>>> print(open('start_39.cif').read())   # mmCIF, C-alpha atoms and all ligand atoms
data_input
#
loop_
_atom_site.label_atom_id
_atom_site.label_comp_id
_atom_site.auth_asym_id
_atom_site.auth_seq_id
_atom_site.Cartn_x
_atom_site.Cartn_y
_atom_site.Cartn_z
CA MET A 14 3.04 10.54 -19.60
CA PRO A 15 0.21 12.31 -17.72
CA GLU A 16 0.66 15.74 -16.23
CA ILE A 17 1.47 15.69 -12.52
CA MET A 18 -1.18 18.25 -11.63
CA GLU A 19 -3.85 16.12 -13.23
CA PHE A 20 -3.25 13.38 -10.68
CA SER A 21 -1.77 15.16 -7.69
CA HIS A 22 -3.75 14.50 -4.57
CA ALA A 23 -3.42 15.81 -1.06
CA PRO A 24 -1.11 13.51 0.87
CA VAL A 25 -3.11 11.72 3.56
CA LEU A 26 -2.52 12.50 7.29
CA LEU A 27 0.37 14.78 6.31
CA ASP A 28 0.82 16.71 9.58
CA GLU A 29 0.42 13.51 11.56
CA VAL A 30 3.11 11.79 9.45
CA LEU A 31 5.53 14.71 9.84
CA ASP A 32 4.99 14.62 13.63
CA GLY A 33 5.14 10.83 13.70
CA LEU A 34 8.50 10.78 11.92
CA SER A 35 9.74 13.28 14.53
CA LEU A 36 11.80 15.05 11.86
CA THR A 37 14.72 17.37 12.42
CA ALA A 38 16.78 19.35 9.92
CA GLY A 39 19.34 17.15 8.19
CA ALA A 40 17.43 13.87 8.72
CA THR A 41 17.62 11.04 6.17
CA VAL A 42 14.17 9.63 5.46
CA VAL A 43 13.00 6.79 3.22
CA ASP A 44 9.61 7.17 1.58
CA GLY A 45 9.00 3.54 0.65
CA THR A 46 5.90 4.43 -1.42
CA VAL A 47 6.98 7.75 -2.94
CA GLY A 48 4.11 7.76 -5.49
CA LEU A 49 3.52 11.27 -6.76
CA GLY A 50 5.89 12.72 -4.17
CA GLY A 51 3.35 14.54 -1.98
CA HIS A 52 4.57 13.33 1.41
CA ALA A 53 8.15 13.37 0.12
CA ALA A 54 8.04 17.08 -0.81
CA ALA A 55 6.75 17.98 2.66
CA ILE A 56 9.41 15.80 4.33
CA LEU A 57 12.10 17.56 2.26
CA ASP A 58 10.76 20.98 3.31
CA ARG A 59 10.74 19.92 6.96
CA THR A 60 14.31 18.51 6.88
CA ALA A 61 15.85 21.43 4.92
CA PRO A 62 18.53 22.46 4.30
CA GLY A 63 20.58 19.26 4.60
CA GLY A 64 17.97 16.49 4.83
CA ARG A 65 17.99 13.65 2.36
CA LEU A 66 15.03 11.73 0.94
CA ILE A 67 15.27 8.27 -0.57
CA GLY A 68 12.08 7.59 -2.51
CA VAL A 69 11.23 4.00 -3.44
CA ASP A 70 8.38 2.88 -5.66
CA ALA A 71 7.49 -0.35 -7.43
CA ASP A 72 5.95 1.64 -10.30
CA ARG A 73 8.36 3.20 -12.81
CA GLU A 74 5.66 5.61 -14.05
CA ALA A 75 5.16 6.90 -10.49
CA LEU A 76 8.91 7.38 -10.17
CA SER A 77 9.09 9.55 -13.29
CA MET A 78 6.29 11.73 -11.92
CA ALA A 79 8.03 11.90 -8.53
CA GLN A 80 11.22 12.87 -10.35
CA ARG A 81 9.48 15.83 -11.97
CA ARG A 82 7.79 16.91 -8.75
CA LEU A 83 10.92 16.59 -6.58
CA GLY A 84 13.49 17.67 -9.18
CA ASN A 85 13.94 21.11 -7.61
CA PHE A 86 15.32 19.49 -4.42
CA GLY A 87 18.36 18.41 -6.49
CA LYS A 88 20.87 16.06 -4.87
CA ARG A 89 18.85 15.81 -1.68
CA VAL A 90 16.63 13.26 -3.45
CA THR A 91 17.47 9.71 -4.59
CA LEU A 92 14.76 7.71 -6.36
CA ILE A 93 14.91 3.94 -6.51
CA HIS A 94 12.76 1.47 -8.42
CA GLY A 95 12.02 -1.47 -6.12
CA ASN A 96 9.71 -3.13 -3.67
CA PHE A 97 9.70 -1.91 -0.08
CA ALA A 98 9.76 -5.56 1.03
CA ASP A 99 13.44 -5.40 0.00
CA LEU A 100 14.14 -2.05 1.64
CA ARG A 101 17.10 -3.19 3.68
CA GLU A 102 18.86 -4.64 0.62
CA LEU A 103 17.99 -1.59 -1.52
CA LEU A 104 19.68 0.63 1.09
CA GLN A 105 22.66 -1.70 1.61
CA ASP A 106 23.31 -1.89 -2.14
CA ARG A 107 23.63 1.91 -2.17
CA GLU A 108 25.71 1.96 1.02
CA VAL A 109 23.10 3.97 2.90
CA GLY A 110 23.65 3.59 6.66
CA PRO A 111 20.88 3.49 9.27
CA VAL A 112 18.19 6.07 8.42
CA ASP A 113 16.15 8.39 10.68
CA GLY A 114 12.67 7.65 9.35
CA VAL A 115 10.67 5.39 7.03
CA LEU A 116 7.16 5.98 5.64
CA PHE A 117 4.81 3.53 3.90
CA ASP A 118 1.58 5.01 2.48
CA LEU A 119 -0.09 1.83 1.24
CA GLY A 120 -2.37 1.08 -1.70
CA PRO A 121 -2.56 2.48 -5.21
CA SER A 122 -1.98 6.16 -6.00
CA SER A 123 -4.62 8.37 -7.60
CA TYR A 124 -2.57 8.17 -10.80
CA GLN A 125 -2.81 4.37 -10.84
CA LEU A 126 -6.51 4.40 -9.97
CA GLU A 127 -7.32 6.95 -12.63
CA SER A 128 -5.29 5.38 -15.43
CA PRO A 129 -7.59 3.01 -17.38
CA GLY A 130 -4.60 1.11 -18.79
CA ARG A 131 -3.50 0.02 -15.30
CA GLY A 132 -6.75 -1.82 -14.67
CA PHE A 133 -7.20 -0.88 -10.99
CA SER A 134 -10.62 0.72 -11.33
CA PHE A 135 -13.96 -0.94 -12.03
CA ARG A 136 -15.24 2.46 -13.17
CA LEU A 137 -12.81 2.75 -16.09
CA GLU A 138 -12.62 0.24 -18.94
CA GLY A 139 -9.17 -1.27 -19.28
CA PRO A 140 -7.21 -4.53 -19.15
CA LEU A 141 -7.49 -6.54 -15.90
CA ASP A 142 -3.91 -5.78 -14.89
CA MET A 143 -3.59 -4.23 -11.37
CA ARG A 144 0.18 -4.70 -11.09
CA MET A 145 1.97 -2.01 -9.07
CA ASP A 146 5.15 -3.07 -10.86
CA ARG A 147 4.55 -3.75 -14.54
CA GLY A 148 7.76 -5.77 -14.66
CA THR A 149 6.21 -8.56 -12.59
CA ARG A 150 4.41 -11.44 -14.28
CA LYS A 151 1.15 -12.02 -12.44
CA ARG A 152 -1.80 -9.87 -13.62
CA ALA A 153 -5.30 -9.82 -12.12
CA ALA A 154 -6.57 -11.47 -15.35
CA ASP A 155 -4.33 -14.49 -14.65
CA LEU A 156 -6.04 -15.00 -11.28
CA VAL A 157 -9.54 -14.45 -12.68
CA ASN A 158 -9.04 -16.83 -15.58
CA ARG A 159 -6.80 -19.52 -14.07
CA LEU A 160 -7.62 -20.08 -10.40
CA ASP A 161 -10.04 -22.89 -9.71
CA GLY A 162 -13.45 -21.83 -8.40
CA ARG A 163 -12.68 -22.74 -4.78
CA ARG A 164 -9.44 -20.74 -4.63
CA LEU A 165 -11.08 -17.81 -6.35
CA GLU A 166 -13.88 -17.84 -3.79
CA ASP A 167 -11.38 -18.03 -0.89
CA LEU A 168 -9.40 -15.15 -2.38
CA ILE A 169 -12.46 -12.91 -2.83
CA ARG A 170 -13.79 -13.74 0.64
CA GLY A 171 -10.41 -13.63 2.41
CA TYR A 172 -8.95 -10.44 0.91
CA GLY A 173 -12.18 -8.65 -0.01
CA GLU A 174 -14.30 -9.70 3.00
CA GLU A 175 -17.02 -10.14 0.35
CA ARG A 176 -20.12 -12.02 1.57
CA TRP A 177 -21.15 -12.87 -2.02
CA ALA A 178 -17.77 -14.45 -2.84
CA GLY A 179 -19.37 -17.84 -3.67
CA ARG A 180 -21.81 -16.39 -6.18
CA ILE A 181 -19.20 -14.15 -7.75
CA SER A 182 -16.63 -16.93 -8.19
CA ARG A 183 -19.23 -19.30 -9.65
CA ALA A 184 -20.34 -16.62 -12.10
CA ILE A 185 -16.70 -15.99 -13.10
CA VAL A 186 -16.09 -19.71 -13.69
CA ARG A 187 -19.25 -19.95 -15.85
CA GLU A 188 -18.39 -16.84 -17.84
CA ARG A 189 -14.83 -17.87 -18.63
CA GLU A 190 -16.02 -21.15 -20.14
CA GLY A 191 -16.98 -18.96 -23.11
CA GLY A 192 -13.52 -17.31 -23.24
CA PRO A 193 -11.23 -15.40 -20.87
CA ILE A 194 -12.45 -12.32 -18.96
CA GLU A 195 -10.00 -9.65 -20.03
CA THR A 196 -11.34 -6.25 -19.02
CA THR A 197 -12.32 -4.36 -15.86
CA ALA A 198 -15.69 -3.49 -17.41
CA GLU A 199 -16.53 -7.14 -18.22
CA LEU A 200 -15.72 -8.23 -14.67
CA ALA A 201 -17.53 -5.29 -13.02
CA ALA A 202 -20.67 -5.93 -15.09
CA LEU A 203 -20.61 -9.64 -14.29
CA ILE A 204 -20.33 -8.90 -10.53
CA ALA A 205 -23.12 -6.31 -10.69
CA ARG A 206 -25.37 -8.95 -12.31
CA CYS A 207 -24.78 -11.57 -9.64
CA VAL A 208 -24.82 -9.53 -6.40
CA PRO A 209 -28.42 -9.15 -5.19
CA ARG A 210 -29.74 -5.60 -5.02
CA ARG A 211 -30.47 -5.76 -1.29
CA GLY A 212 -26.80 -6.62 -0.76
CA ARG A 213 -25.69 -3.40 -2.41
CA ALA A 214 -24.89 -0.75 0.12
CA ARG A 215 -23.05 2.53 -0.36
CA ILE A 216 -20.32 0.98 -2.44
CA HIS A 217 -20.26 -0.39 -6.00
CA PRO A 218 -20.83 -4.19 -5.94
CA ALA A 219 -17.41 -4.79 -7.53
CA THR A 220 -15.46 -2.79 -4.90
CA ARG A 221 -14.52 -5.69 -2.64
CA THR A 222 -13.69 -8.14 -5.43
CA PHE A 223 -11.44 -5.60 -7.14
CA MET A 224 -9.67 -4.90 -3.84
CA ALA A 225 -9.17 -8.63 -3.25
CA LEU A 226 -7.71 -9.12 -6.74
CA ARG A 227 -5.36 -6.16 -6.31
CA ILE A 228 -4.10 -7.48 -2.96
CA ALA A 229 -3.51 -10.95 -4.44
CA THR A 230 -1.93 -9.67 -7.67
CA ASN A 231 0.69 -7.73 -5.71
CA ASP A 232 0.99 -10.13 -2.72
CA GLU A 233 0.32 -7.02 -0.67
CA LEU A 234 -0.12 -8.58 2.77
CA GLU A 235 3.05 -10.70 2.62
CA VAL A 236 4.96 -7.75 1.21
CA LEU A 237 3.73 -5.52 4.04
CA LYS A 238 4.99 -7.94 6.71
CA LYS A 239 8.38 -8.16 5.03
CA GLY A 240 8.48 -4.40 4.52
CA ILE A 241 7.94 -3.67 8.21
CA CYS A 242 10.76 -6.04 9.23
CA SER A 243 13.01 -4.66 6.54
CA ALA A 244 12.32 -1.06 7.59
CA ALA A 245 12.97 -1.88 11.26
CA ALA A 246 16.34 -3.32 10.23
CA GLY A 247 17.23 -0.20 8.19
CA LEU A 248 16.44 2.38 10.90
CA ARG A 249 18.87 3.77 13.50
CA ALA A 250 18.06 3.49 17.23
CA GLY A 251 15.42 6.15 17.89
CA GLY A 252 14.39 6.19 14.19
CA ARG A 253 10.67 6.16 13.42
CA LEU A 254 8.51 4.01 11.13
CA CYS A 255 5.11 5.38 10.01
CA VAL A 256 2.61 3.18 8.15
CA ILE A 257 -0.67 4.47 6.68
CA SER A 258 -3.12 1.68 5.85
CA PHE A 259 -6.56 1.79 4.23
CA HIS A 260 -8.34 -1.40 5.19
CA SER A 261 -8.71 -3.66 8.18
CA LEU A 262 -6.52 -6.53 6.91
CA GLU A 263 -3.58 -4.17 6.39
CA ASP A 264 -4.09 -2.41 9.70
CA ARG A 265 -4.21 -5.75 11.54
CA ILE A 266 -0.88 -6.74 9.99
CA VAL A 267 0.72 -3.42 10.97
CA LYS A 268 -0.62 -3.73 14.52
CA ASN A 269 0.50 -7.36 14.92
CA GLU A 270 3.93 -6.84 13.34
CA PHE A 271 4.54 -3.82 15.58
CA ARG A 272 3.49 -5.92 18.58
CA ARG A 273 5.68 -8.85 17.55
CA LEU A 274 8.69 -6.62 16.91
CA SER A 275 8.17 -4.94 20.27
CA GLY A 276 8.57 -8.32 21.96
CA LYS A 277 4.88 -9.07 22.61
CA CYS A 278 3.80 -12.54 21.53
CA CYS A 279 0.95 -12.60 18.94
CA CYS A 280 0.44 -16.39 18.95
CA PRO A 281 -3.09 -17.70 19.52
CA PRO A 282 -3.67 -18.20 23.30
CA ASP A 283 -3.79 -22.01 22.97
CA PHE A 284 -0.22 -22.27 21.58
CA PRO A 285 1.91 -23.89 24.30
CA VAL A 286 5.10 -22.10 23.14
CA CYS A 287 5.65 -18.87 21.20
CA ARG A 288 6.01 -19.42 17.45
CA CYS A 289 5.62 -15.85 16.22
CA GLY A 290 9.25 -14.96 16.91
CA ALA A 291 8.49 -11.96 19.13
CA THR A 292 11.68 -9.93 19.77
CA ALA A 293 12.05 -6.46 21.24
CA LEU A 294 13.32 -4.27 18.39
CA LEU A 295 10.66 -1.55 18.41
CA LYS A 296 8.58 0.53 20.79
CA VAL A 297 4.99 1.20 19.71
CA VAL A 298 4.38 4.97 19.71
CA THR A 299 0.65 4.81 18.82
CA PRO A 300 -1.20 2.15 20.84
CA LYS A 301 -4.31 3.19 18.87
CA PRO A 302 -4.08 4.23 15.22
CA ILE A 303 -4.25 7.92 14.31
CA THR A 304 -7.20 8.71 12.02
CA PRO A 305 -7.90 11.82 9.92
CA THR A 306 -9.90 14.78 11.21
CA ARG A 307 -13.40 15.40 9.90
CA GLU A 308 -12.05 18.39 7.96
CA GLU A 309 -9.47 16.24 6.19
CA VAL A 310 -12.08 13.62 5.24
CA ALA A 311 -14.41 16.36 3.96
CA GLY A 312 -11.66 17.65 1.67
CA ASN A 313 -10.17 14.31 0.63
CA ARG A 314 -12.29 11.18 0.23
CA ARG A 315 -9.24 8.96 0.00
CA ALA A 316 -8.48 9.82 3.65
CA ARG A 317 -11.74 8.41 5.02
CA SER A 318 -10.44 4.95 5.91
CA ALA A 319 -6.81 5.90 6.62
CA LYS A 320 -5.08 4.71 9.79
CA LEU A 321 -1.58 5.73 10.80
CA ARG A 322 0.55 3.67 13.19
CA VAL A 323 4.00 4.75 14.36
CA ALA A 324 6.81 2.74 15.96
CA GLU A 325 10.32 3.70 17.14
CA VAL A 326 13.41 1.51 16.94
CA LEU A 327 15.00 0.72 20.34
C1 LIG B 401 -0.78 5.81 -2.10
S1 LIG B 401 0.51 5.94 -3.19
C2 LIG B 401 1.65 6.98 -2.36
C3 LIG B 401 1.34 8.43 -2.49
C4 LIG B 401 2.43 9.31 -1.91
N1 LIG B 401 2.55 9.16 -0.48
C5 LIG B 401 2.16 10.76 -2.26
O1 LIG B 401 2.01 11.58 -1.35
O2 LIG B 401 2.14 11.08 -3.45
C6 LIG B 401 1.30 4.39 -3.02
C7 LIG B 401 2.48 4.17 -3.95
O3 LIG B 401 3.18 3.05 -3.44
C8 LIG B 401 3.59 2.22 -4.49
N2 LIG B 401 3.68 0.89 -3.91
C9 LIG B 401 2.68 0.08 -3.51
N3 LIG B 401 3.18 -1.05 -3.00
C10 LIG B 401 4.54 -0.94 -3.06
C11 LIG B 401 5.61 -1.78 -2.67
N4 LIG B 401 5.41 -2.97 -2.11
N5 LIG B 401 6.88 -1.34 -2.85
C12 LIG B 401 7.11 -0.12 -3.43
N6 LIG B 401 6.12 0.70 -3.82
C13 LIG B 401 4.87 0.30 -3.65
C14 LIG B 401 2.53 2.37 -5.55
O4 LIG B 401 3.08 2.10 -6.81
C15 LIG B 401 2.12 3.84 -5.38
O5 LIG B 401 2.84 4.66 -6.25
#
>>> encode(input="start_39.cif", output="structure tokens")
Amino acid sequence: MPEIMEFSHAPVLLDEVLDGLSLTAGATVVDGTVGLGGHAAAILDRTAPGGRLIGVDADREALSMAQRRLGNFGKRVTLIHGNFADLRELLQDREVGPVDGVLFDLGPSSYQLESPGRGFSFRLEGPLDMRMDRGTRKRAADLVNRLDGRRLEDLIRGYGEERWAGRISRAIVREREGGPIETTAELAALIARCVPRRGRARIHPATRTFMALRIATNDELEVLKKGICSAAAGLRAGGRLCVISFHSLEDRIVKNEFRRLSGKCCCPPDFPVCRCGATALLKVVTPKPITPTREEVAGNRRARSAKLRVAEVL
């Protein structure tokens, strides 16, 4: 098990999250993506002496690191292995009543990104895995080696917003005729060979494809929608939900789900009747997302694309 310090990173938008959650001493807060426990430790400090933190994570390795980091808060902390899509049930099973705040800090942790064996990074050689929860079945390699070319192209274009999705998927299909593509390095090298040089901007050519595969492996967009509904159902009236997202597809889902749950219809304008199920459960606290200061981005690259949206239960 890696040392915590090796992987600890500064929690993104920390002050903004603490303000967004509108914390008071004694509050009960759920960190639905407890990760290495950075936000959680600050929440526990802010809600001392009596506040309680329930930390959920899909990754058992993250939970054991969170356990070590948060151990000194004793009984104030409960850690649960699970998916935040099931937050309401996870709380009900433990007879936790309506909570005061919920936080989701989306995406992989620095520990996951920097662990070659987890297969999240195109910079580190490892198996094409990318599962947040290693107990689930679908790995990125299953998508790469089993999806037909058309679905692979749609996935890379849809989730990665990759303009070279056609070329990349065709190259993958050709390559796997000679045997399955099993490692991050094999896939990254193949993508680098088929993306034209003039198409390469600031980012590595495999960045978008790897992001798309990670999103699909973990069903991240569906899970996010469910998680927001589940969190809204688990909060007390006046309780706050904070979501930090890192790319436009996620942010759009947060924005639209907040709108829908605040009673504003998100159906396309040509729909004769509302089909999105808009109901007034929430009030949007941040009409525009909160973004990090220049100082934060200078000190923490992971913060550069972060967007925080906050909603309050009615
Ligand atoms: C960016 S990290 C969180 C970092 C944390 N806020 C901190 O300060 O250390 C995201 C964490 O959420 C977990 N995660 C991602 N999707 C999840 C989901 N649907 N349910 C539960 N945990 C999830 C990942 O395993 C990862 O540990």
>>> atom_distance(input="start_39.cif", atom1="CA of Val30 (chain A)", atom2="CA of Tyr172 (chain A)")
26.7 Å
>>> residues_around(input="start_39.cif", residues="region 284-297 of chain A", least_positions_apart="2", cutoff="12 Å", atoms="only C-alpha atoms", output="VMD selection string")
chain A and resid 33 241 to 256 267 to 282 299 to 302 321 to 327
>>> residues_near_ligand(input="start_39.cif", ligand="ligand LIG 401 (chain B)", cutoff="6 Å", atoms="only C-alpha atoms and all ligand atoms", output="ChimeraX atom specification")
/A:24,45-52,69-72,75,95-98,118-122,145,236
>>> closest_residue(input="start_39.cif", among="A:Thr222, A:Gln125, A:Thr91, A:Thr149", to="Glu74 (chain A)", atoms="only C-alpha atoms")
A:Gln125
>>> residues_near_point(input="start_39.cif", point="(19.5, 10.2, 6.4)", cutoff="7 Å", atoms="all atoms listed in the file", output="PyMOL selection string")
chain A and resi 40-42+64-65+112-113
>>> closest_residue(input="start_39.cif", among="A:Pro111, A:Arg136, A:Gly171, A:Asp161", to="Pro218 (chain A)", atoms="only C-alpha atoms")
A:Arg136
>>> closest_residue(input="start_39.cif", among="A:Phe135, A:Val157, A:Asp167, A:Ile181", to="Thr220 (chain A)", atoms="only C-alpha atoms")
A:Phe135
>>> closest_residue(input="start_39.cif", among="A:Leu103, A:Val115, A:Ala178, A:Ile303", to="Asp28 (chain A)", atoms="all atoms listed in the file")
A:Ile303
>>> atom_distance(input="start_39.cif", atom1="CA of Ser261 (chain A)", atom2="CA of Glu235 (chain A)")
14.8 Å
>>> atom_distance(input="start_39.cif", atom1="CA of Asp264 (chain A)", atom2="CA of Lys320 (chain A)")
7.2 Å
>>> residues_around(input="start_39.cif", residues="Ile67 (chain A)", least_positions_apart="3", cutoff="6 Å", atoms="only C-alpha atoms", output="compact mmCIF listing (two decimals) with C-alpha atoms, keeping the file's coordinate frame")
# COMPACT_ATOMS: atom_id res chain seq x y z
CA VAL A 43 13.00 6.79 3.22
CA VAL A 90 16.63 13.26 -3.45
CA THR A 91 17.47 9.71 -4.59
CA LEU A 92 14.76 7.71 -6.36
